[in-house]
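Read through the structure below, which is laid out as structure tokens, and then see the notes.
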Amino acid sequence: MDDNLAASKRSAARAGETGYSSEVSKAIADICADAGIKLVASLPDDWIASTIATFEQDERFNHVPVNREESALGLCSGAFLSGTGSAALMGASGLMTLVYAITKINYTYEIPIFIMITHRGTFDDGAKFHVSNGLYLEDVMRSISLPYQIINTRDEIPLIGEAYHHSKKISRPTVAVLPKSLLKGNR
């Protein structure tokens with residue numbers, strides 16, 4: 001059986017073949033490291049396969065692949081309680097499944113968590129099953145007063161660090177939204 005590093009390198013190569021930018025993934029990882037993030041819990045999404053592989057292969061991070069969004073939330077919440085900077089990385093639909101956990105645990109006990117998500121369901125998303133994300137994602141985040149920032153261009157990648165620090169300042173979760181055009185390096 002392959003080890004995780006070999007699998008991660010193959011995943012990064014496939015992401016590059018489909019047009020996702022390793023340079024953007026590296027810039028995201030660099031900003032996260034500069035912000036003090038040490039642990040990254042992720043769930044797979046083809047748009048962020050390169051970014052996940054970058055975190056997994058970067059010795060500055062402890063990368064933990066998880067199989068449920070609640071596991072990422074729990075790991076990152078526990079990391080905060082231990083004084084470790086963390087981020088959860090997932091698709092937009094993953095965030096939509098976390099509304100109860102965020103409002104019950106993180107809001108009630110004022111546990112900040114930083115989440116990065118794909119901006120699925122937009123006009124450039126060819127997956128019909130993600131249409132509902134485009135229809136409801138931002139409305140859902142606004143409805144629970146979840147601060148978010150859409151990172152539209154490479155020049156805005158430093159806002160990821162600001163969103164992470166804002167979470168700690170307000171003792172609540174924050175979200176950085178990563179559009180396909182950014183992840184492909186088109187902006």
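Chain lettering (A, B, ...) mirrors the order of the structure tokens, residue numbering begins at 1 for each chain separately, and ligand numbering begins at 1 in order of display.
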
Contacts of stretch 24-29 of chain A within 9 Å, only C-alpha atoms, excl. fewer than 6 positions in-chain, as a ChimeraX atom specification: /A:48,50-55,58,61,154,157-158,160,182-185

Kindly save the residues from that selection, with N, CA and C atoms included, as a JSON list (two decimals), in the first residue's frame.
```json
[["chain", "number", "residue", "atom", "x", "y", "z"],
["A", 48, "ILE", "N", -9.88, 21.68, -4.41],
["A", 48, "ILE", "CA", -8.81, 21.97, -3.44],
["A", 48, "ILE", "C", -7.84, 20.80, -3.27],
["A", 50, "SER", "N", -5.13, 20.19, -4.86],
["A", 50, "SER", "CA", -3.76, 20.72, -4.86],
["A", 50, "SER", "C", -3.44, 21.40, -3.52],
["A", 51, "THR", "N", -4.41, 22.13, -2.99],
["A", 51, "THR", "CA", -4.21, 22.82, -1.71],
["A", 51, "THR", "C", -4.06, 21.82, -0.58],
["A", 52, "ILE", "N", -4.88, 20.79, -0.57],
["A", 52, "ILE", "CA", -4.77, 19.74, 0.45],
["A", 52, "ILE", "C", -3.40, 19.08, 0.36],
["A", 53, "ALA", "N", -2.97, 18.74, -0.85],
["A", 53, "ALA", "CA", -1.66, 18.10, -1.03],
["A", 53, "ALA", "C", -0.54, 19.03, -0.57],
["A", 54, "THR", "N", -0.68, 20.32, -0.80],
["A", 54, "THR", "CA", 0.33, 21.28, -0.36],
["A", 54, "THR", "C", 0.45, 21.27, 1.15],
["A", 55, "PHE", "N", -0.68, 21.31, 1.85],
["A", 55, "PHE", "CA", -0.64, 21.26, 3.32],
["A", 55, "PHE", "C", -0.05, 19.93, 3.80],
["A", 58, "ASP", "N", 3.79, 19.86, 3.37],
["A", 58, "ASP", "CA", 4.53, 20.97, 3.98],
["A", 58, "ASP", "C", 4.80, 20.67, 5.45],
["A", 61, "PHE", "N", 3.06, 22.14, 8.73],
["A", 61, "PHE", "CA", 1.69, 21.79, 9.13],
["A", 61, "PHE", "C", 1.57, 20.34, 9.53],
["A", 154, "ARG", "N", -5.45, 36.62, -6.41],
["A", 154, "ARG", "CA", -4.20, 36.32, -5.71],
["A", 154, "ARG", "C", -3.81, 37.45, -4.76],
["A", 157, "ILE", "N", -5.25, 37.00, -1.29],
["A", 157, "ILE", "CA", -4.89, 35.84, -0.47],
["A", 157, "ILE", "C", -4.46, 36.24, 0.95],
["A", 158, "PRO", "N", -3.78, 37.39, 1.15],
["A", 158, "PRO", "CA", -3.47, 37.79, 2.54],
["A", 158, "PRO", "C", -4.69, 37.96, 3.44],
["A", 160, "ILE", "N", -6.81, 35.84, 3.94],
["A", 160, "ILE", "CA", -6.97, 34.57, 4.65],
["A", 160, "ILE", "C", -6.40, 34.71, 6.06],
["A", 182, "LEU", "N", -9.86, 31.54, -8.69],
["A", 182, "LEU", "CA", -8.66, 31.76, -7.87],
["A", 182, "LEU", "C", -7.84, 30.48, -7.81],
["A", 183, "LEU", "N", -8.47, 29.35, -7.49],
["A", 183, "LEU", "CA", -7.76, 28.10, -7.32],
["A", 183, "LEU", "C", -7.09, 27.63, -8.60],
["A", 184, "LYS", "N", -7.64, 28.05, -9.75],
["A", 184, "LYS", "CA", -7.01, 27.73, -11.03],
["A", 184, "LYS", "C", -5.93, 28.74, -11.39],
["A", 185, "GLY", "N", -5.80, 29.80, -10.60],
["A", 185, "GLY", "CA", -4.78, 30.81, -10.86],
["A", 185, "GLY", "C", -5.16, 31.79, -11.95]]
```

Cut-off 10 Å: closest stretch 27-111 of chain A/stretch 140-149 of chain A atom pairs per residue, using only C-alpha atoms, as CSV:
```
residue,atom,partner,partner_atom,distance
A:Leu95,CA,A:Met141,CA,9.1
A:Met96,CA,A:Val140,CA,7.6
A:Val99,CA,A:Ile144,CA,7.9
A:Tyr100,CA,A:Ile144,CA,9.9
A:Ile102,CA,A:Ile144,CA,9.2
A:Thr103,CA,A:Ile144,CA,7.6
A:Tyr107,CA,A:Leu146,CA,9.8
```

Would you kindly return, as a PyMOL selection string, each protein, DNA or RNA residue with an atom no farther than 10 Å from any atom of A:Ile105, considering only C-alpha atoms and excluding same-chain residues fewer than 5 positions away? chain A and resi 73-74+77+100+110-111

Writing out the chosen residues with C-alpha atoms as a compact mmCIF listing (two decimals), in the first residue's frame:
```txt
# COMPACT_ATOMS: atom_id res chain seq x y z
CA LEU A 73 -14.72 21.11 13.49
CA GLY A 74 -13.94 19.03 16.57
CA SER A 77 -11.95 23.40 18.24
CA TYR A 100 -25.92 23.06 13.98
CA GLU A 110 -17.09 31.13 22.01
CA ILE A 111 -14.60 28.77 20.36
```

Give me every strand (DSSP E) residue in stretch 6-169 of chain A, going by DSSP on the backbone, as an MDAnalysis selection string. chainID A and resid 37:42 62:65 85:90 114:118 148:150

Would you compute the distance between atom CA of A:Leu135 and atom CA of A:Leu98? Give it in Å to one decimal. 17.2 Å

Nearest to A:Glu59: which of A:Leu5, A:Arg172, A:Ser22, A:Ala72 is it, counting only C-alpha atoms?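 Closest to A:Glu59, using only C-alpha atoms: A:Leu5.
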
For A:Phe80, which of A:Tyr164, A:Trp47, A:Tyr20, A:Tyr136 is the closest residue, counting only C-alpha atoms? A:Tyr164

Env of stretch 84-88 of chain A: 8 Å cut, atoms = only C-alpha atoms, seq-sep filter 4 positions within chain, self excluded. Answer as a compact mmCIF listing (two decimals) with C-alpha atoms, in the first residue's frame.
```txt
# COMPACT_ATOMS: atom_id res chain seq x y z
CA GLY A 36 0.28 30.82 12.98
CA ILE A 37 -1.76 27.90 11.69
CA LYS A 38 -0.11 24.58 12.52
CA LEU A 39 -2.92 22.04 12.07
CA VAL A 40 -5.10 21.64 8.98
CA ALA A 41 -8.03 19.21 8.92
CA SER A 42 -9.41 18.60 5.44
CA ALA A 72 -12.72 18.76 11.26
CA LEU A 73 -14.72 21.11 13.49
CA CYS A 76 -9.90 22.50 15.15
CA ALA A 79 -6.64 22.63 18.76
CA PHE A 80 -7.81 26.10 19.82
CA ILE A 113 -12.45 28.21 14.29
CA PHE A 114 -11.17 29.18 10.87
CA ILE A 115 -12.70 27.43 7.86
CA MET A 116 -11.68 27.62 4.21
```

Would you please work out which residue, of A:Glu17, A:Asp30, A:Glu162, A:Glu23, is nearest to A:Asn186 when using only C-alpha atoms?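 Closest candidate: A:Glu23.
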
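Going from atom CA of A:Ser8 to atom CA of A:Ala49 covers 8.7 Å.
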
Mind the document's chain letters and residue numbers, and return as a ChimeraX atom specification the residues of stretch 21-170 of chain A that DSSP labels helix (DSSP H, G or I). /A:22-35,46-57,69-81,92-96,99-107,128-143,154-156,159-170

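Between atom CA of A:Asn152 and atom CA of A:Pro179 the separation is 6.5 Å.
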
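Among the candidate residues A:His119, A:Ser71, A:Ala35, A:Leu43, the one lying nearest to A:Ala163 is A:Ala35, with distances computed using only C-alpha atoms.
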